[in-house]
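Student: Sharing a structure here in structure tokens format.
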Number of protein chains: 2
Amino acid sequence: MDDLQHDYPWTKNPLVIGAPMRLIALAALATEISKAGGLGFIGAGSDTANLQSILEEVKRSIADAPNLKNVKDVLPVGVGFICWAGQKLLKEALPSIEKYRPAAVWLFAPREHEDLVRWSEEVRRVTQGKTKIWIQVGTVENAVEVTKSCQPDVLVVQGQDAGGHGLHKAAGIIALLPEVDDTITALCKTETIKKPALVAAGGIMDGRGAAAALTLGASGLVLGTRYLASPEANIAEGYRQAVVEATDGGQMTERTKLYDQLRGTTDWPDEYGGRGVLNESHTDAGKGMTFEENKRLYDEAMKTGDEGWGKNARLTTYAGTGVGLVREVKGAAAITEEMREDAKTILRSTSSKL
Amino acid sequence: MDDLQHDYPWTKNPLVIGAPMRLIALAALATEISKAGGLGFIGAGSDTANLQSILEEVKRSIADAPNLKNVKDVLPVGVGFICWAGQKLLKEALPSIEKYRPAAVWLFAPREHEDLVRWSEEVRRVTQGKTKIWIQVGTVENAVEVTKSCQPDVLVVQGQDAGGHGLHKAAGIIALLPEVDDTITALCKTETIKKPALVAAGGIMDGRGAAAALTLGASGLVLGTRYLASPEANIAEGYRQAVVEATDGGQMTERTKLYDQLRGTTDWPDEYGGRGVLNESHTDAGKGMTFEENKRLYDEAMKTGDEGWGKNARLTTYAGTGVGLVREVKGAAAITEEMREDAKTILRSTSSKL
């Protein structure tokens, strides 16, 4: 039995993980993924206003799930926090974490590294270590720093292909994951600390990407963009269709601060940008339209509903470079199962051809 | 038997390919890779001044190689051309291609798409189709265009992690390769043309990356950066050491035009940049140093020999984001064999754990 199946006993190998997409991955998506033998994360983001009600909804909706109803120690979903909001967010979140004991918290983008140490300690303290600590990194240096200071249970290694927020400057997981693995393995041996499990994020869209990530050293596979095209993702139908329609994701997406700014989110630290599908807002900004005018048109587009999304429209459509591989809407449970089974099949068939 | 083993009968499965690094991959490197059952490419680049003498040297050095000496139809190495030099380069290169019949030509970065059509036709004509046509692409759209118009034998699918020259804006192969594969498969079916083999470039450093690329749909694995740390690469010892020493390649490399400009190469079309290790030239440019002063210091550094390379020095060190996985100098034959065997072992072991 793999370590991850030990910590999350309702899950199947290889572990398929739903990324904590803010405002998008709520109870419906996270629960459906866990029901299918994966681990779904709630995207709490930088705000806890709805966290308790979302966790309450999770609790209700797992009551009849054959693989989840007997999980007693923890609530069988995770919660992702965007940590630039600092200690205030930790203080607000801690009572819900203590009360519901999610299986894991996923920590990302602190302003101060020290905040991650505090988060790790406090979450472990209030849950007696039952809630596992996942920390997202995008560089080898950061993986080392985090492993030394927080001894996380899991490092989420995010490559440049990921949709939504990540480092402006980063390698893809093809190069990043093996280098993190080698470096962390050596570090943990020298310092005699337990090696965190590595899970990969960024560009994994189907069984091929999943199989690739496993050969690179991942124990789990994080999907964000792929789940956008599930009915359980809390997004407008226009957004979902824009994801299904986009192709050639290396060209038709870009990591930028523009899409955040148009939505009024201006707090991300400098080194992060949000990857999204190119659209009219982006084109107009490139042609020199003032931000004020772009924002005005954005706010107008918000009133048009589903028409507001698409390459010839204006609304923010966060998605990764693999968006061209998303060609249909499918239930989150089916995506989870398919990913797991296809990864196995592809590994077997690729191996047998050699 | 795989198609590629049919076309290059001295090679073993999976096919390991030496990238045609200009000025770096000459007879020694290319021949050593082919001797080890791979396919080495000569980096002719945009210039044919030394091509005939290099091919002559290849011919001499394979005379005793057990797996190559009986290859009669072709010279068992390829030649890579950077096509922005246009028809003039084709005209200059054609006599050597006709005379030596390299196993393949690898075409990259034309100014006009039409040039690729002309190259493909002429090379096929003068070699009666014996020299195979490889064309490098970095987008799905370009893969479609090239497949329709040139019907190449091989598409080299390059992701953003690649060292040296590539598109400024690109996906990693984790997302790019499967999307190209699906799109080209559908296209070739509709248009009833033979599907080109896909080989992957960008971030493949060892058996893990090789195994990953195979699961993503590649039939062959292109290595550039990894071979820089072989004695057969035609680079200064200082360059080689800078490659061995660099770590955290997503952070410590960048795709830029600066390194080309400092070397006096200003002909690359706008959309291409050269990925190299960050150094003092880059830092100073970022701090606002004039290009003239930077170039003057660069030319001074050229006189210092091996001291000129390294993160605290100035000379251009093209390398990919996987540079941190290169930790020792090793013979090109050993790299080739290790890559092939490790890929198989990793696929088997990853598959058996599931």
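Ordering of the structure tokens sets the chain letters (A, B, ...); residue numbers start at 1 within each chain; ligands are numbered from 1 in the order shown.
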List as a list in words the protein and nucleic acid residues near region 278-293 of chain B, meaning an atom at most 6 Å away when only C-alpha atoms are counted, but skip any in the same chain fewer than 4 places from it.

Tutor: Met252, Thr253, Lys311, Asn312, Ala313 and Arg314 of chain B

Student: Give the strand (DSSP E) residues of region 146-354 of chain B, as DSSP finds them on the backbone, and put them as a PyMOL selection string.

Tutor: chain B and resi 154-158+164-167+197-201+220-223+253-256+272-277

Student: Restrict the selected residues to N, CA and C atoms and save them as a PDB file, in the first residue's frame.

Tutor:
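This is the output file again.pdb:
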```
ATOM      1  N   VAL B 154       8.855  12.676 -39.934  1.00  0.00           N
ATOM      2  CA  VAL B 154       8.879  12.864 -38.477  1.00  0.00           C
ATOM      3  C   VAL B 154       8.551  14.314 -38.146  1.00  0.00           C
ATOM      4  N   LEU B 155       7.701  14.495 -37.127  1.00  0.00           N
ATOM      5  CA  LEU B 155       7.516  15.822 -36.538  1.00  0.00           C
ATOM      6  C   LEU B 155       8.289  15.849 -35.230  1.00  0.00           C
ATOM      7  N   VAL B 156       9.182  16.805 -35.092  1.00  0.00           N
ATOM      8  CA  VAL B 156       9.870  17.004 -33.816  1.00  0.00           C
ATOM      9  C   VAL B 156       9.043  18.005 -33.016  1.00  0.00           C
ATOM     10  N   VAL B 157       8.439  17.548 -31.934  1.00  0.00           N
ATOM     11  CA  VAL B 157       7.542  18.396 -31.153  1.00  0.00           C
ATOM     12  C   VAL B 157       8.329  18.967 -29.978  1.00  0.00           C
ATOM     13  N   GLN B 158       8.597  20.259 -30.043  1.00  0.00           N
ATOM     14  CA  GLN B 158       9.458  20.882 -29.034  1.00  0.00           C
ATOM     15  C   GLN B 158       8.648  21.666 -28.014  1.00  0.00           C
ATOM     16  N   GLY B 164      18.488  26.243 -25.717  1.00  0.00           N
ATOM     17  CA  GLY B 164      18.763  26.829 -27.015  1.00  0.00           C
ATOM     18  C   GLY B 164      17.499  27.402 -27.621  1.00  0.00           C
ATOM     19  N   HIS B 165      17.348  27.274 -28.941  1.00  0.00           N
ATOM     20  CA  HIS B 165      16.300  28.025 -29.622  1.00  0.00           C
ATOM     21  C   HIS B 165      14.955  27.322 -29.704  1.00  0.00           C
ATOM     22  N   GLY B 166      13.937  28.090 -29.471  1.00  0.00           N
ATOM     23  CA  GLY B 166      12.568  27.620 -29.549  1.00  0.00           C
ATOM     24  C   GLY B 166      11.646  28.820 -29.460  1.00  0.00           C
ATOM     25  N   LEU B 167      10.338  28.545 -29.505  1.00  0.00           N
ATOM     26  CA  LEU B 167       9.362  29.628 -29.443  1.00  0.00           C
ATOM     27  C   LEU B 167       9.379  30.286 -28.070  1.00  0.00           C
ATOM     28  N   ALA B 197       5.799  10.130 -37.676  1.00  0.00           N
ATOM     29  CA  ALA B 197       6.167   9.751 -36.309  1.00  0.00           C
ATOM     30  C   ALA B 197       6.384  11.029 -35.505  1.00  0.00           C
ATOM     31  N   LEU B 198       6.091  10.972 -34.217  1.00  0.00           N
ATOM     32  CA  LEU B 198       6.311  12.130 -33.356  1.00  0.00           C
ATOM     33  C   LEU B 198       7.500  11.858 -32.444  1.00  0.00           C
ATOM     34  N   VAL B 199       8.437  12.782 -32.390  1.00  0.00           N
ATOM     35  CA  VAL B 199       9.507  12.667 -31.404  1.00  0.00           C
ATOM     36  C   VAL B 199       9.455  13.919 -30.536  1.00  0.00           C
ATOM     37  N   ALA B 200       9.831  13.750 -29.272  1.00  0.00           N
ATOM     38  CA  ALA B 200       9.643  14.819 -28.290  1.00  0.00           C
ATOM     39  C   ALA B 200      10.962  15.456 -27.913  1.00  0.00           C
ATOM     40  N   ALA B 201      10.937  16.788 -27.785  1.00  0.00           N
ATOM     41  CA  ALA B 201      12.119  17.543 -27.359  1.00  0.00           C
ATOM     42  C   ALA B 201      11.713  18.563 -26.305  1.00  0.00           C
ATOM     43  N   GLY B 220      10.236   8.765 -30.256  1.00  0.00           N
ATOM     44  CA  GLY B 220      11.662   9.013 -30.077  1.00  0.00           C
ATOM     45  C   GLY B 220      11.878  10.164 -29.126  1.00  0.00           C
ATOM     46  N   LEU B 221      13.082  10.229 -28.570  1.00  0.00           N
ATOM     47  CA  LEU B 221      13.397  11.129 -27.475  1.00  0.00           C
ATOM     48  C   LEU B 221      14.583  11.983 -27.878  1.00  0.00           C
ATOM     49  N   VAL B 222      14.375  13.270 -27.960  1.00  0.00           N
ATOM     50  CA  VAL B 222      15.455  14.167 -28.369  1.00  0.00           C
ATOM     51  C   VAL B 222      16.156  14.727 -27.136  1.00  0.00           C
ATOM     52  N   LEU B 223      17.484  14.602 -27.113  1.00  0.00           N
ATOM     53  CA  LEU B 223      18.273  15.178 -26.030  1.00  0.00           C
ATOM     54  C   LEU B 223      19.229  16.210 -26.607  1.00  0.00           C
ATOM     55  N   THR B 253      17.377  29.375 -15.763  1.00  0.00           N
ATOM     56  CA  THR B 253      17.496  29.566 -17.204  1.00  0.00           C
ATOM     57  C   THR B 253      16.364  30.489 -17.657  1.00  0.00           C
ATOM     58  N   GLU B 254      16.542  31.051 -18.819  1.00  0.00           N
ATOM     59  CA  GLU B 254      15.475  31.888 -19.374  1.00  0.00           C
ATOM     60  C   GLU B 254      15.587  31.902 -20.892  1.00  0.00           C
ATOM     61  N   ARG B 255      14.449  31.991 -21.560  1.00  0.00           N
ATOM     62  CA  ARG B 255      14.458  32.126 -23.020  1.00  0.00           C
ATOM     63  C   ARG B 255      14.486  33.612 -23.348  1.00  0.00           C
ATOM     64  N   THR B 256      15.475  34.027 -24.086  1.00  0.00           N
ATOM     65  CA  THR B 256      15.707  35.452 -24.299  1.00  0.00           C
ATOM     66  C   THR B 256      16.427  35.663 -25.629  1.00  0.00           C
ATOM     67  N   TYR B 272      11.311  33.485 -31.925  1.00  0.00           N
ATOM     68  CA  TYR B 272      12.250  32.558 -31.312  1.00  0.00           C
ATOM     69  C   TYR B 272      13.191  33.262 -30.334  1.00  0.00           C
ATOM     70  N   GLY B 273      13.524  32.554 -29.271  1.00  0.00           N
ATOM     71  CA  GLY B 273      14.549  33.005 -28.343  1.00  0.00           C
ATOM     72  C   GLY B 273      15.437  31.826 -28.004  1.00  0.00           C
ATOM     73  N   GLY B 274      16.573  32.110 -27.373  1.00  0.00           N
ATOM     74  CA  GLY B 274      17.481  31.040 -26.975  1.00  0.00           C
ATOM     75  C   GLY B 274      17.462  30.902 -25.463  1.00  0.00           C
ATOM     76  N   ARG B 275      17.120  29.700 -24.963  1.00  0.00           N
ATOM     77  CA  ARG B 275      17.122  29.496 -23.510  1.00  0.00           C
ATOM     78  C   ARG B 275      18.546  29.210 -23.045  1.00  0.00           C
ATOM     79  N   GLY B 276      18.987  29.964 -22.059  1.00  0.00           N
ATOM     80  CA  GLY B 276      20.317  29.758 -21.514  1.00  0.00           C
ATOM     81  C   GLY B 276      20.343  30.010 -20.020  1.00  0.00           C
ATOM     82  N   VAL B 277      21.453  29.626 -19.401  1.00  0.00           N
ATOM     83  CA  VAL B 277      21.626  29.787 -17.963  1.00  0.00           C
ATOM     84  C   VAL B 277      21.827  31.274 -17.649  1.00  0.00           C
TER      85      VAL B 277
END
```

Student: Give the helix (DSSP H, G or I) residues of region 239-285 of chain A, as assigned by DSSP on the backbone, as a PyMOL selection string.

Tutor: chain A and resi 239-245+249-252+258-263+280-285

Student: Which is closer to chain A than all the others in B:Gln128, B:Thr215, B:Gln87, B:Thr316, using only C-alpha atoms?

Tutor: B:Thr215

Student: Quick check: residues of chain A within 7 Å of chain B, only C-alpha atoms, returned as a VMD selection string.

Tutor: chain A and resid 13 to 14 139 to 141 161 169 to 172 174 to 175 179 203 to 204 208 to 209 211 to 216 248 to 251 321 to 322 324 to 325 344 346 to 348 350 to 351 354

Student: Could you state the separation of CA of Lys130 (chain B) and CA of Asp73 (chain B) in Å, given to one decimal place?

Tutor: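 Pair CA of Lys130 (chain B) / CA of Asp73 (chain B) returns 7.1 Å.
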
Student: Which of these residues is nearest to Ala103 (chain A), using only C-alpha atoms: A:Lys195, A:Tyr8, A:Lys35, A:Lys72?

Tutor: A:Tyr8

Student: For region 226-232 of chain A, list every protein, DNA or RNA residue within 10 Å, evaluated using only C-alpha atoms, and leave out those in the same chain fewer than 3 positions away; present the list as a CSV table (one decimal) with N, CA, C and O atoms, in the first residue's frame.

Tutor:
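Saved result, around28.csv, follows:
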```
chain,number,residue,atom,x,y,z
A,18,GLY,N,-8.3,16.7,-7.1
A,18,GLY,CA,-9.0,17.8,-7.7
A,18,GLY,C,-8.4,19.1,-7.1
A,18,GLY,O,-8.4,19.3,-5.8
A,19,ALA,N,-7.8,20.0,-7.9
A,19,ALA,CA,-7.2,21.2,-7.4
A,19,ALA,C,-8.1,22.1,-6.7
A,19,ALA,O,-9.3,22.2,-7.1
A,21,MET,N,-9.5,25.0,-6.8
A,21,MET,CA,-9.7,26.2,-7.6
A,21,MET,C,-10.7,27.1,-6.8
A,21,MET,O,-11.9,26.7,-6.6
A,24,ILE,N,-14.5,27.9,-7.6
A,24,ILE,CA,-14.9,26.9,-8.6
A,24,ILE,C,-15.0,25.5,-8.0
A,24,ILE,O,-16.0,24.8,-8.2
A,25,ALA,N,-14.1,25.1,-7.2
A,25,ALA,CA,-14.1,23.8,-6.5
A,25,ALA,C,-14.8,23.9,-5.2
A,25,ALA,O,-14.1,24.3,-4.2
A,26,LEU,N,-16.1,23.7,-5.1
A,26,LEU,CA,-16.8,23.8,-3.9
A,26,LEU,C,-17.2,22.4,-3.5
A,26,LEU,O,-16.6,21.4,-3.9
A,27,ALA,N,-18.3,22.3,-2.7
A,27,ALA,CA,-18.6,20.9,-2.1
A,27,ALA,C,-19.0,19.9,-3.2
A,27,ALA,O,-18.5,18.8,-3.2
A,28,ALA,N,-19.7,20.4,-4.3
A,28,ALA,CA,-20.1,19.4,-5.3
A,28,ALA,C,-18.9,18.8,-6.0
A,28,ALA,O,-18.9,17.5,-6.1
A,29,LEU,N,-18.0,19.6,-6.4
A,29,LEU,CA,-16.8,19.0,-7.2
A,29,LEU,C,-15.9,18.2,-6.3
A,29,LEU,O,-15.6,17.0,-6.6
A,30,ALA,N,-15.6,18.7,-5.1
A,30,ALA,CA,-14.7,18.0,-4.2
A,30,ALA,C,-15.2,16.7,-3.8
A,30,ALA,O,-14.6,15.6,-3.8
A,31,THR,N,-16.5,16.7,-3.4
A,31,THR,CA,-17.1,15.5,-2.9
A,31,THR,C,-17.2,14.4,-4.0
A,31,THR,O,-16.9,13.2,-3.8
A,32,GLU,N,-17.6,14.8,-5.2
A,32,GLU,CA,-17.7,13.9,-6.3
A,32,GLU,C,-16.4,13.2,-6.6
A,32,GLU,O,-16.3,12.0,-6.9
A,33,ILE,N,-15.3,13.9,-6.5
A,33,ILE,CA,-14.0,13.4,-6.8
A,33,ILE,C,-13.6,12.3,-5.7
A,33,ILE,O,-13.1,11.2,-6.0
A,163,GLY,N,-3.0,25.9,-15.2
A,163,GLY,CA,-3.9,27.0,-15.4
A,163,GLY,C,-4.1,27.8,-14.1
A,163,GLY,O,-3.6,27.3,-13.0
A,203,GLY,N,-0.6,20.6,-16.6
A,203,GLY,CA,-0.6,20.0,-17.9
A,203,GLY,C,-1.1,18.6,-17.9
A,203,GLY,O,-1.2,18.0,-19.0
A,204,ILE,N,-1.5,18.0,-16.8
A,204,ILE,CA,-2.1,16.7,-16.8
A,204,ILE,C,-3.6,16.7,-17.1
A,204,ILE,O,-4.4,17.3,-16.4
A,205,MET,N,-3.9,16.2,-18.3
A,205,MET,CA,-5.2,16.3,-18.8
A,205,MET,C,-6.0,15.0,-19.0
A,205,MET,O,-7.2,14.9,-19.0
A,206,ASP,N,-5.2,13.9,-19.2
A,206,ASP,CA,-5.8,12.6,-19.4
A,206,ASP,C,-4.8,11.5,-19.0
A,206,ASP,O,-3.8,11.8,-18.4
A,222,VAL,N,-2.6,16.0,-10.0
A,222,VAL,CA,-3.5,17.1,-9.7
A,222,VAL,C,-4.1,17.5,-11.0
A,222,VAL,O,-3.4,17.8,-12.0
A,223,LEU,N,-5.5,17.6,-11.0
A,223,LEU,CA,-6.2,18.1,-12.2
A,223,LEU,C,-6.9,19.4,-11.8
A,223,LEU,O,-7.7,19.3,-10.8
A,235,ILE,N,-18.9,27.0,-12.3
A,235,ILE,CA,-18.6,28.1,-13.2
A,235,ILE,C,-19.8,28.2,-14.1
A,235,ILE,O,-20.6,27.3,-14.3
A,236,ALA,N,-19.8,29.4,-14.8
A,236,ALA,CA,-20.9,29.6,-15.8
A,236,ALA,C,-20.8,28.7,-17.0
A,236,ALA,O,-19.7,28.3,-17.3
A,237,GLU,N,-21.9,28.4,-17.6
A,237,GLU,CA,-21.9,27.6,-18.8
A,237,GLU,C,-21.0,28.1,-19.9
A,237,GLU,O,-20.3,27.4,-20.6
A,239,TYR,N,-18.2,29.9,-19.5
A,239,TYR,CA,-16.8,29.6,-19.1
A,239,TYR,C,-16.5,28.1,-19.5
A,239,TYR,O,-15.5,27.8,-20.2
A,240,ARG,N,-17.4,27.2,-19.1
A,240,ARG,CA,-17.2,25.8,-19.4
A,240,ARG,C,-17.1,25.6,-21.0
A,240,ARG,O,-16.2,24.9,-21.4
A,241,GLN,N,-17.9,26.2,-21.7
A,241,GLN,CA,-17.8,26.1,-23.2
A,241,GLN,C,-16.5,26.6,-23.8
A,241,GLN,O,-16.0,26.1,-24.7
A,242,ALA,N,-16.1,27.8,-23.2
A,242,ALA,CA,-14.8,28.4,-23.7
A,242,ALA,C,-13.7,27.4,-23.4
A,242,ALA,O,-12.8,27.3,-24.2
A,243,VAL,N,-13.7,26.6,-22.3
A,243,VAL,CA,-12.7,25.7,-22.1
A,243,VAL,C,-12.7,24.5,-23.1
A,243,VAL,O,-11.7,24.1,-23.6
A,244,VAL,N,-13.9,24.1,-23.4
A,244,VAL,CA,-14.1,23.0,-24.3
A,244,VAL,C,-13.6,23.4,-25.7
A,244,VAL,O,-13.0,22.6,-26.5
A,318,TYR,N,-9.6,31.2,-16.8
A,318,TYR,CA,-8.4,30.6,-16.3
A,318,TYR,C,-8.4,29.2,-16.8
A,318,TYR,O,-9.4,28.4,-16.7
A,319,ALA,N,-7.3,28.7,-17.4
A,319,ALA,CA,-7.1,27.4,-17.9
A,319,ALA,C,-5.6,27.2,-18.2
A,319,ALA,O,-4.9,28.1,-18.5
A,320,GLY,N,-5.2,25.9,-18.2
A,320,GLY,CA,-3.8,25.6,-18.5
A,320,GLY,C,-3.5,25.3,-19.9
A,320,GLY,O,-4.4,25.3,-20.8
A,322,GLY,N,-3.0,22.7,-21.4
A,322,GLY,CA,-3.6,21.5,-21.8
A,322,GLY,C,-5.0,21.6,-22.2
A,322,GLY,O,-5.7,20.6,-22.5
A,323,VAL,N,-5.5,22.9,-22.2
A,323,VAL,CA,-6.9,23.1,-22.5
A,323,VAL,C,-7.4,22.5,-23.8
A,323,VAL,O,-8.6,22.1,-23.9
A,325,LEU,N,-6.9,19.7,-24.9
A,325,LEU,CA,-7.2,18.3,-24.7
A,325,LEU,C,-8.5,18.1,-24.1
A,325,LEU,O,-9.0,16.9,-23.9
A,326,VAL,N,-9.2,19.2,-23.7
A,326,VAL,CA,-10.5,19.1,-23.1
A,326,VAL,C,-11.5,19.3,-24.2
A,326,VAL,O,-11.6,20.4,-24.7
A,327,ARG,N,-12.2,18.2,-24.6
A,327,ARG,CA,-13.1,18.3,-25.7
A,327,ARG,C,-14.5,18.0,-25.4
A,327,ARG,O,-15.4,18.1,-26.3
A,328,GLU,N,-14.8,17.6,-24.2
A,328,GLU,CA,-16.2,17.4,-23.8
A,328,GLU,C,-16.4,17.6,-22.3
A,328,GLU,O,-15.5,17.5,-21.5
A,329,VAL,N,-17.7,17.9,-22.0
A,329,VAL,CA,-18.0,18.0,-20.6
A,329,VAL,C,-18.3,16.5,-20.1
A,329,VAL,O,-19.0,15.8,-20.8
A,330,LYS,N,-17.8,16.2,-18.9
A,330,LYS,CA,-18.0,14.9,-18.4
A,330,LYS,C,-18.1,15.0,-16.9
A,330,LYS,O,-17.5,15.9,-16.3
A,331,GLY,N,-18.8,14.1,-16.2
A,331,GLY,CA,-18.9,14.1,-14.8
A,331,GLY,C,-17.6,14.0,-14.1
A,331,GLY,O,-16.7,13.3,-14.6
A,332,ALA,N,-17.4,14.6,-12.9
A,332,ALA,CA,-16.1,14.6,-12.2
A,332,ALA,C,-15.8,13.2,-11.8
A,332,ALA,O,-14.6,12.8,-11.8
A,333,ALA,N,-16.8,12.4,-11.5
A,333,ALA,CA,-16.5,11.0,-11.1
A,333,ALA,C,-15.9,10.2,-12.3
A,333,ALA,O,-14.9,9.5,-12.1
A,334,ALA,N,-16.5,10.4,-13.4
A,334,ALA,CA,-16.1,9.7,-14.6
A,334,ALA,C,-14.7,10.2,-15.0
A,334,ALA,O,-13.8,9.3,-15.4
A,335,ILE,N,-14.4,11.4,-14.9
A,335,ILE,CA,-13.0,12.0,-15.2
A,335,ILE,C,-12.0,11.3,-14.2
A,335,ILE,O,-11.0,10.8,-14.7
A,336,THR,N,-12.4,11.2,-13.0
A,336,THR,CA,-11.5,10.7,-12.0
A,336,THR,C,-11.2,9.2,-12.3
A,336,THR,O,-10.0,8.8,-12.2
```

Student: Excluding Asp115 (chain B) and residues on its chain fewer than 6 positions from it, collect all residues at most 10 Å away from it, counting only C-alpha atoms, and give them as a list in words.

Tutor: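 The filter keeps Cys83, Trp84, Ala85, Gly86, Gln87, Leu90, Leu107, Ala109 and Glu121 of chain B.
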
Student: Can you write out the residues you just picked, keeping N, CA, C and O atoms, as a tab-separated table (two decimals), in the first residue's frame?

Tutor:
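This is the output file part36.tsv:
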```
chain	number	residue	atom	x	y	z
B	83	CYS	N	16.41	27.10	-41.00
B	83	CYS	CA	16.01	27.45	-42.35
B	83	CYS	C	15.76	28.92	-42.61
B	83	CYS	O	15.39	29.29	-43.72
B	84	TRP	N	15.94	29.78	-41.59
B	84	TRP	CA	15.69	31.20	-41.91
B	84	TRP	C	16.65	31.75	-42.94
B	84	TRP	O	16.41	32.80	-43.51
B	85	ALA	N	17.72	31.05	-43.21
B	85	ALA	CA	18.62	31.51	-44.27
B	85	ALA	C	18.02	31.30	-45.66
B	85	ALA	O	18.53	31.83	-46.65
B	86	GLY	N	16.93	30.52	-45.72
B	86	GLY	CA	16.15	30.45	-46.96
B	86	GLY	C	16.71	29.55	-48.05
B	86	GLY	O	17.48	28.62	-47.78
B	87	GLN	N	16.32	29.84	-49.28
B	87	GLN	CA	16.63	28.99	-50.43
B	87	GLN	C	18.14	28.93	-50.72
B	87	GLN	O	18.63	27.96	-51.27
B	90	LEU	N	19.51	26.09	-48.86
B	90	LEU	CA	19.11	24.84	-49.51
B	90	LEU	C	20.01	24.54	-50.71
B	90	LEU	O	20.52	23.42	-50.86
B	107	LEU	N	14.54	20.12	-40.19
B	107	LEU	CA	14.33	21.49	-40.65
B	107	LEU	C	13.63	22.31	-39.57
B	107	LEU	O	12.67	21.86	-38.96
B	109	ALA	N	12.65	26.50	-38.17
B	109	ALA	CA	12.62	27.97	-38.17
B	109	ALA	C	12.77	28.62	-39.55
B	109	ALA	O	13.62	29.46	-39.77
B	121	GLU	N	10.79	18.71	-50.79
B	121	GLU	CA	10.76	18.18	-52.15
B	121	GLU	C	12.16	17.94	-52.70
B	121	GLU	O	12.45	16.89	-53.28
```

Student: May I ask for the distance between CA of Gly40 (chain B) and CA of Ile17 (chain B), given in Å to one decimal place?

Tutor: 5.7 Å

Student: What gap, in Å, lies between CA of Val144 (chain B) and CA of Asp181 (chain B)?

Tutor: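 Between CA of Val144 (chain B) and CA of Asp181 (chain B) the gap is 10.2 Å.
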
Student: So that I can check the surroundings of Leu75 (chain A), please list as a VMD selection string every protein, DNA and RNA residue that reaches within 12 Å of it, counting only C-alpha atoms and ignoring chain neighbours fewer than 5 positions away.

Tutor: chain A and resid 8 to 10 27 30 to 31 34 to 35 39 to 42 54 to 63 68 to 70 96 to 105 127 130 to 132
